[in-house]
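So the structure is just underneath, and the comments pick up after that.
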Amino acid sequence: MNFYFFDSLNNLLDIFYPQACVVCGKYEKNHSEWICQKCARRIIKYKKEKYDEAIVPIIYEKSYSGMQVKKYFDGLLFMYEYKSIIRKIILNYKFRDSSYISHFFVSEILNSKKFNEILTRYDIIISVPIDKMSERVRGYNQTAIILKKLNKIINSEKAGIKISTDNLIKIKKTQRQSLLTGIEREKNVKDAFNLVRPKEIIGKNIIVFDDIYTTGSTINEISKLLKSNGARKVLAFTLAKDWS
């Protein structure tokens with residue numbers, strides 16, 4: 001399966017309207033990528049594309065509250081360490097009205113050999129939702145916009161996988177996870193999500209796509225919901241993993 005996409009019209013437009021680097025904002029002559037060569041060299045240091053899959057479908061791990069908590073997702077795939085320049089790009093993307101940065105992440109995902117290998121094993125990719133108020137203030141859902149662009153490029157139906165940005169919804173407003181402790185994060189997202197069309201996920205292998213994996217509380221809560229509604233397998237796929 002080949003998801004690499006080259007559009008002659010876009011290539012022509014790039015000649016006359018080159019893209020500015022999403023990191024430093026500078027333009028380079030004959031440059032049509034979303035990141036300049038200098039910043040690309042900086043990013044390589046933090047590109048730690050890694051796939052971890054549980055040996056058994058459901059394992060138990062110690063939570064921040066000291067209790068044994070069931071882990072509902074079966075594996076984790078992430079592309080970067082959440083540090084330095086990667087942290088800056090993601091924060092700018094989420095909180096500084098910079099939806100154009102999504103083009104950079106789409107390009108990185110499409111060029112990920114590991115993602116393309118794993119993609120063939122799954123039926124649906126679901127984006128992690130944000131509450132309606134946050135989306136109105138921000139102007140977009142940072143994970144959904146990436147998946148929508150991926151959908152246009154790879155033509156998900158022909159690729160044998162469905163991309164969904166509206167089945168999983170957030171039904172209660174929560175605090176920002178990054179401002180909370182581990183215990184607070186678990187409580188914060190409890191019962192925060194629901195499915196609009198639960199029958200769609202019965203017996204399916206599902207990828208849950210989010211921007212950052214820190215404690216895994218959000219992913220685990222969503223995976224719990226998916227498994228309770230009949231999902232067979234759940235993979236967490238994030239842009240970056242925070243080791244702090």
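Residues are referred to by chain and number: the chain letter is A, B, ... according to the order shown in the structure tokens, the number counts from 1 in that chain, and ligands are numbered separately from 1 in the order shown.
Summary of the local environment: counting only C-alpha atoms, residues at most 8 Å from Met79 in chain A, other than itself and those fewer than 4 positions away along its chain, are Lys47, Lys48, Glu49, Lys50, Thr238, Leu239, Ala240 and Lys241 of chain A.
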Would you give me, as a tab-separated table, each residue of range 221-243 of chain A having an atom within 10 Å of an atom of range 113-127 of chain A, along with its shortest atom pair and that distance in Å to one decimal, using only C-alpha atoms and sorting by chain and residue number?
residue	atom	partner	partner_atom	distance
A:Lys233	CA	A:Tyr122	CA	8.5
A:Val234	CA	A:Tyr122	CA	8.8
A:Leu235	CA	A:Tyr122	CA	8.7
A:Ala236	CA	A:Ile125	CA	9.8
A:Phe237	CA	A:Phe115	CA	8.9
From a backbone DSSP assignment, name each residue in range 23-194 of chain A labelled strand (DSSP E or B), as a ChimeraX atom specification. /A:47-53,59-62,68-71,75-81,124-127,162-164,168-170,193-194
Any chance you can output those residues with C-alpha atoms as a PDB file, in the first residue's frame?
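File produced: out_1.pdb:
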ATOM      1  CA  LYS A  47      12.382  11.593  16.217  1.00  0.00           C
ATOM      2  CA  LYS A  48      12.059   8.392  18.210  1.00  0.00           C
ATOM      3  CA  GLU A  49       9.418   6.529  16.236  1.00  0.00           C
ATOM      4  CA  LYS A  50       8.599   3.580  18.427  1.00  0.00           C
ATOM      5  CA  TYR A  51       5.935   0.904  18.624  1.00  0.00           C
ATOM      6  CA  ASP A  52       5.227  -0.929  21.864  1.00  0.00           C
ATOM      7  CA  GLU A  53       2.601  -3.656  21.924  1.00  0.00           C
ATOM      8  CA  ILE A  59      -2.501  -5.950  31.374  1.00  0.00           C
ATOM      9  CA  TYR A  60      -2.540  -4.242  34.731  1.00  0.00           C
ATOM     10  CA  GLU A  61      -0.281  -1.421  35.769  1.00  0.00           C
ATOM     11  CA  LYS A  62       0.125   0.713  38.870  1.00  0.00           C
ATOM     12  CA  GLN A  68      -3.842  -1.461  40.160  1.00  0.00           C
ATOM     13  CA  VAL A  69      -5.621  -0.059  37.110  1.00  0.00           C
ATOM     14  CA  LYS A  70      -6.638  -2.067  34.078  1.00  0.00           C
ATOM     15  CA  LYS A  71      -4.939  -0.947  30.885  1.00  0.00           C
ATOM     16  CA  GLY A  75      -0.206  -0.883  22.126  1.00  0.00           C
ATOM     17  CA  LEU A  76       1.357   2.537  21.702  1.00  0.00           C
ATOM     18  CA  LEU A  77       2.932   4.101  18.623  1.00  0.00           C
ATOM     19  CA  PHE A  78       4.534   7.526  18.877  1.00  0.00           C
ATOM     20  CA  MET A  79       6.756   9.542  16.567  1.00  0.00           C
ATOM     21  CA  TYR A  80       8.727  11.974  18.744  1.00  0.00           C
ATOM     22  CA  GLU A  81       9.974  12.696  22.197  1.00  0.00           C
ATOM     23  CA  ILE A 124     -10.800   2.604  11.974  1.00  0.00           C
ATOM     24  CA  ILE A 125      -8.762   5.622  13.081  1.00  0.00           C
ATOM     25  CA  ILE A 126     -10.536   7.819  15.642  1.00  0.00           C
ATOM     26  CA  SER A 127      -9.425  11.276  16.742  1.00  0.00           C
ATOM     27  CA  LYS A 162     -12.107   4.315   7.893  1.00  0.00           C
ATOM     28  CA  ILE A 163     -11.121   7.672   9.376  1.00  0.00           C
ATOM     29  CA  SER A 164     -13.637   8.953  11.928  1.00  0.00           C
ATOM     30  CA  LEU A 168     -16.203   9.712  19.543  1.00  0.00           C
ATOM     31  CA  ILE A 169     -17.412  12.828  21.380  1.00  0.00           C
ATOM     32  CA  LYS A 170     -16.588  14.583  24.625  1.00  0.00           C
ATOM     33  CA  PHE A 193     -16.419  10.516  26.405  1.00  0.00           C
ATOM     34  CA  ASN A 194     -19.184   8.748  24.527  1.00  0.00           C
TER      35      ASN A 194
END
Enumerate as a VMD selection string all residues of range 25-154 of chain A assigned to helix (DSSP H, G or I) by DSSP on the backbone, naming them with the chain letters and numbers the document uses. chain A and resid 37 to 44 84 to 95 99 to 110 113 to 119 132 to 138 142 to 154
Between CA of Ser178 in chain A and CA of Cys36 in chain A, what is the spacing in Å? 29.2 Å
Please indicate the distance in Å from CA of Trp243 in chain A to CA of Asp211 in chain A, rounded to one decimal place. 14.1 Å
Contacts of Lys94 in chain A at 9 Å (only C-alpha atoms; same-chain gap of 2+ positions) as a ChimeraX atom specification: /A:89-92,96-99,138,140-142
Deliver the residues from the most recent selection as a file, using C-alpha atoms, as an mmCIF file, in the first residue's frame.
data_model
loop_
_atom_site.group_PDB
_atom_site.id
_atom_site.type_symbol
_atom_site.label_atom_id
_atom_site.label_comp_id
_atom_site.auth_asym_id
_atom_site.auth_seq_id
_atom_site.Cartn_x
_atom_site.Cartn_y
_atom_site.Cartn_z
ATOM 1 C CA ILE A 89 5.807 22.978 17.464
ATOM 2 C CA ILE A 90 2.986 21.088 19.191
ATOM 3 C CA LEU A 91 2.203 23.899 21.638
ATOM 4 C CA ASN A 92 2.154 26.443 18.816
ATOM 5 C CA ARG A 96 -1.492 29.784 18.974
ATOM 6 C CA ASP A 97 -4.011 29.645 16.156
ATOM 7 C CA SER A 98 -1.572 27.753 13.935
ATOM 8 C CA SER A 99 -3.710 25.150 12.203
ATOM 9 C CA ARG A 138 -9.270 27.418 19.478
ATOM 10 C CA TYR A 140 -10.245 23.629 15.480
ATOM 11 C CA ASN A 141 -9.600 20.227 17.016
ATOM 12 C CA GLN A 142 -5.871 19.641 16.500
#
Counting only C-alpha atoms, figure out which residue out of A:Glu135, A:Asp210, A:Asp191, A:Glu200 gets nearest to Lys224 in chain A. A:Asp191
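Distance check against Arg232 in chain A using only C-alpha atoms: of A:Arg176, A:Phe73, A:Lys204, A:Thr215, the minimum falls on A:Lys204.
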Between CA of Ala144 in chain A and CA of Thr165 in chain A - distance in Å to one decimal: 5.6 Å
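Excluding Val128 in chain A and any residue on its chain fewer than 3 positions from it, the residues at most 7 Å away by only C-alpha atoms are Thr143, Val208, Phe209 and Asp210 of chain A.
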Do you know which residues are at most 9 Å from Thr174 in chain A counting only C-alpha atoms, after dropping those on the same chain fewer than 4 positions away, and could you put them as a list in words? Asp131, Asn188, Val189 and Ala192 of chain A
Output file for the residues above (N, CA and C atoms, as a tab-separated table (two decimals), in the first residue's frame):
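Everything below was put into out.tsv:
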chain	number	residue	atom	x	y	z
A	131	ASP	N	-13.81	19.39	23.98
A	131	ASP	CA	-15.16	19.85	24.22
A	131	ASP	C	-15.50	21.02	23.29
A	188	ASN	N	-10.07	13.33	36.13
A	188	ASN	CA	-10.51	14.40	35.23
A	188	ASN	C	-11.23	13.87	34.00
A	189	VAL	N	-10.73	12.76	33.45
A	189	VAL	CA	-11.30	12.23	32.20
A	189	VAL	C	-12.30	11.09	32.40
A	192	ALA	N	-15.79	10.96	30.53
A	192	ALA	CA	-15.81	12.22	29.77
A	192	ALA	C	-16.15	12.03	28.30
